[in-house]
Amino acid sequence: MSDVEAQYEAYPYPERDPADEAKRLIVGSPSHPVELDHYLFAGRRDWTGPFRALVAGGGTGDALIQLAQVLASAGRAAEITYLDLSTASRRIAEARAAARGLSNIAFHTGSLLDARRFGDFDYIDCCGVLHHLPDPQAGFDALAGALAPGGGIGLMVYAPHGRSGVYPLQSAFGQLLAGPPEDRLKAARAIFARLPDGHPFRRNPHLGDHEASDAGFYDLLLHSRDRPFTITELDATLRASGLAMTGTPNAHLYDPAPIVGEAADLSALSPLDRMALAEELSGSIKLHVVYAAKAGEAGGRVARPGPRMVPHLRGAAPQALAQAVAKTGRIPVGSALGTRHIPAPKGLAPVIARIDGRATLEEIARAAGGDWFAIAPAWGKLSEALTAYGVLLYSGVLRR
């Protein structure tokens with residue numbers, strides 16, 4: 001058994017208790033059906049048809065349970081395959097699915113390098129796995145080879161700059177500590193407690209897994225194989241697999257303009273160069289969440305506002321947001337870069353209040369006493385700003 005396999009048998013990650021499924025559904029990026037529809041199917045996927053998904057390196061099941069539960073609750077048929085090397089992690093994921101009565105998942109123990117063996121998939125999730133492989137490129141290649149025509153991938157890999165301090169500690173602990181995972185963890189915690197306040201890790205405000213659980217501490221600081229990607233390296237790796245990025249739900253993080261201001265001209269930079277510059281300037285990006293498709297199929301994948309599009313608000317209650325807009329004409333949004341107040345015409349408050357994930361923009365405008373084409377210019381600007389923060393997305397997955 002490799003050190004990586006031994007780690008996840010001893011400390012399945014992230015640490016989850018199946019009993020908690022009765023209390024809440026953990027949601028996030030990638031792989032929420034609304035989000036993947038927005039970034040891979042232009043918000044217009046036909047959810048009445050078959051949907052085959054692979055959760056590659058599914059761990060204890062966060063992405064798996066989110067995907068399976070949202071689709072089940074929406075009454076959408078799905079065939080979801082879970083694949084992971086860790087039997088301990090699989091047991092937790094299975095128990096979480098059982099606690100929810102989910103029957104749309106097939107569980108398998110194995111390597112994502114064998115993904116093609118399970119067929120072709122409309123969607124593949126791979127969150128927090130590829131950067132732990134001996135050969136990450138082989139992992140990207142394997143997933144690309146398992147995509148059905150028109151399908152897409154949602155993935156997360158670690159980024160270097162926002163994880164400052166992590167890699168020197170991983171190296172030091174790797175040199176100093178040996179033996180079973182439990183012994184390594186105990187010794188590492190003792191050493192960690194004596195780190196000087198000036199250590200880069202101590203000064204990094206973006207890290208917290210080490211405080212959440214033993215599994216979090218081990219995964220962050222004791223992992224034996226952890227290769228982060230800059231956004232430029234990620235793009236190159238995707239392209240070597242015949243894939244291309246379609247978008248990211250964290251687009252605001254990759255915009256250097258707020259930091260550069262008027263000090264320099266950014267107009268000559270390519271979109272990728274802008275993203276890379278923002279990553280270097282902010283220093284806060286600790287992971288990349290992106291969606292990708294086969295390079296020849298990547299165009300036109302991201303949703304745009306239109307009369308027949310169904311808007312969704314994430315992390316915001318429509319009525320409360322509408323009241324804020326009516327009162328202040330602004331929408332506060334927060335991120336690792338701080339809080340920004342997005343201008344929002346007060347006249348759009350009745351539209352925002354009626355967003356329910358089921359009505360189209362045309363229907364909402366009519367119910368608000370207006371007309372879509374009259375509000376389209378103002379809505380387009382607001383939509384672009386909110387989508388960059390992952391607050392507003394488009395999908396018909398809940399529409400019946």
# chains A, B, ... in the order shown; residues from 1 in each chain; ligands from 1
>>> residues_around(residues="region 328-330 of chain A", least_positions_apart="4", cutoff="10 Å", atoms="only C-alpha atoms", output="number ranges by chain")
A: 321-324, 340-349
>>> write_last_selection(atoms="N, CA and C atoms", output="short mmCIF file (atom, residue, chain, number, x, y, z; two decimals), in the first residue's frame")
data_model
loop_
_atom_site.label_atom_id
_atom_site.label_comp_id
_atom_site.auth_asym_id
_atom_site.auth_seq_id
_atom_site.Cartn_x
_atom_site.Cartn_y
_atom_site.Cartn_z
N LEU A 321 -32.35 40.08 -0.96
CA LEU A 321 -31.48 40.76 -1.90
C LEU A 321 -32.24 41.87 -2.62
N ALA A 322 -33.48 41.60 -2.98
CA ALA A 322 -34.30 42.61 -3.65
C ALA A 322 -34.53 43.83 -2.75
N GLN A 323 -34.75 43.57 -1.46
CA GLN A 323 -34.94 44.69 -0.54
C GLN A 323 -33.68 45.54 -0.43
N ALA A 324 -32.52 44.90 -0.42
CA ALA A 324 -31.27 45.64 -0.36
C ALA A 324 -31.08 46.49 -1.61
N ARG A 340 -16.99 43.67 -2.23
CA ARG A 340 -17.23 44.63 -3.30
C ARG A 340 -18.72 44.93 -3.35
N HIS A 341 -19.08 46.16 -3.64
CA HIS A 341 -20.48 46.53 -3.76
C HIS A 341 -20.81 46.74 -5.24
N ILE A 342 -21.61 45.84 -5.79
CA ILE A 342 -21.94 45.88 -7.21
C ILE A 342 -23.16 46.77 -7.42
N PRO A 343 -23.05 47.77 -8.30
CA PRO A 343 -24.22 48.62 -8.59
C PRO A 343 -25.36 47.80 -9.18
N ALA A 344 -26.56 48.03 -8.69
CA ALA A 344 -27.74 47.31 -9.16
C ALA A 344 -28.90 48.30 -9.26
N PRO A 345 -29.39 48.59 -10.47
CA PRO A 345 -30.50 49.53 -10.61
C PRO A 345 -31.68 49.14 -9.73
N LYS A 346 -32.20 50.12 -9.01
CA LYS A 346 -33.30 49.82 -8.09
C LYS A 346 -34.52 49.25 -8.80
N GLY A 347 -34.67 49.61 -10.08
CA GLY A 347 -35.80 49.10 -10.86
C GLY A 347 -35.76 47.60 -11.09
N LEU A 348 -34.59 46.98 -10.84
CA LEU A 348 -34.48 45.53 -11.01
C LEU A 348 -34.87 44.75 -9.75
N ALA A 349 -35.17 45.46 -8.67
CA ALA A 349 -35.53 44.78 -7.42
C ALA A 349 -36.72 43.83 -7.59
#
>>> residues_around(residues="Val302 (chain A)", least_positions_apart="6", cutoff="6 Å", atoms="only C-alpha atoms", output="list in words")
His38, Tyr39 and Ala42 of chain A
>>> residues_around(residues="Ala388 (chain A)", least_positions_apart="2", cutoff="7 Å", atoms="only C-alpha atoms", output="ChimeraX atom specification")
/A:249-252,384-386,390
>>> atom_distance(atom1="CA of Val129 (chain A)", atom2="CA of Asp226 (chain A)")
9.4 Å
>>> select_by_dssp(residues="region 145-386 of chain A", states="strand (DSSP E or B)", output="VMD selection string")
chain A and resid 147 to 158 243 to 247 287 to 294 311 to 313 330 to 335 338 to 343
>>> write_last_selection(atoms="C-alpha atoms", output="compact mmCIF listing (two decimals), in the first residue's frame")
# COMPACT_ATOMS: atom_id res chain seq x y z
CA LEU A 147 -15.96 11.89 -21.86
CA ALA A 148 -18.96 11.30 -24.09
CA PRO A 149 -19.39 13.61 -27.10
CA GLY A 150 -20.61 16.98 -25.84
CA GLY A 151 -19.70 16.14 -22.25
CA GLY A 152 -17.64 18.12 -19.80
CA ILE A 153 -15.51 18.01 -16.67
CA GLY A 154 -15.60 19.97 -13.41
CA LEU A 155 -12.35 19.87 -11.49
CA MET A 156 -10.43 21.38 -8.61
CA VAL A 157 -6.66 21.39 -8.19
CA TYR A 158 -4.50 23.15 -5.64
CA LEU A 243 -9.31 19.74 -23.27
CA ALA A 244 -9.97 23.45 -22.89
CA MET A 245 -11.37 25.52 -20.04
CA THR A 246 -14.91 26.74 -20.56
CA GLY A 247 -15.14 28.86 -17.41
CA LEU A 287 -7.17 26.32 -5.48
CA HIS A 288 -8.50 26.47 -9.01
CA VAL A 289 -12.07 25.39 -9.77
CA VAL A 290 -12.67 25.20 -13.51
CA TYR A 291 -14.92 23.51 -16.04
CA ALA A 292 -13.52 22.03 -19.25
CA ALA A 293 -14.62 20.26 -22.40
CA LYS A 294 -12.92 18.70 -25.39
CA PRO A 311 -31.85 32.31 -13.34
CA HIS A 312 -30.72 30.96 -9.96
CA LEU A 313 -29.30 32.85 -7.00
CA ARG A 330 -26.06 47.99 -4.52
CA ILE A 331 -25.35 44.32 -3.87
CA PRO A 332 -22.50 43.44 -1.48
CA VAL A 333 -20.47 40.38 -2.51
CA GLY A 334 -17.52 38.96 -0.62
CA SER A 335 -14.50 36.86 -1.47
CA GLY A 338 -12.60 41.49 0.26
CA THR A 339 -16.12 42.88 -0.13
CA ARG A 340 -17.23 44.63 -3.30
CA HIS A 341 -20.48 46.53 -3.76
CA ILE A 342 -21.94 45.88 -7.21
CA PRO A 343 -24.22 48.62 -8.59
>>> closest_residue(among="A:Ala187, A:Ala53, A:Ala6, A:Leu176", to="Asp120 (chain A)", atoms="only C-alpha atoms")
A:Ala53
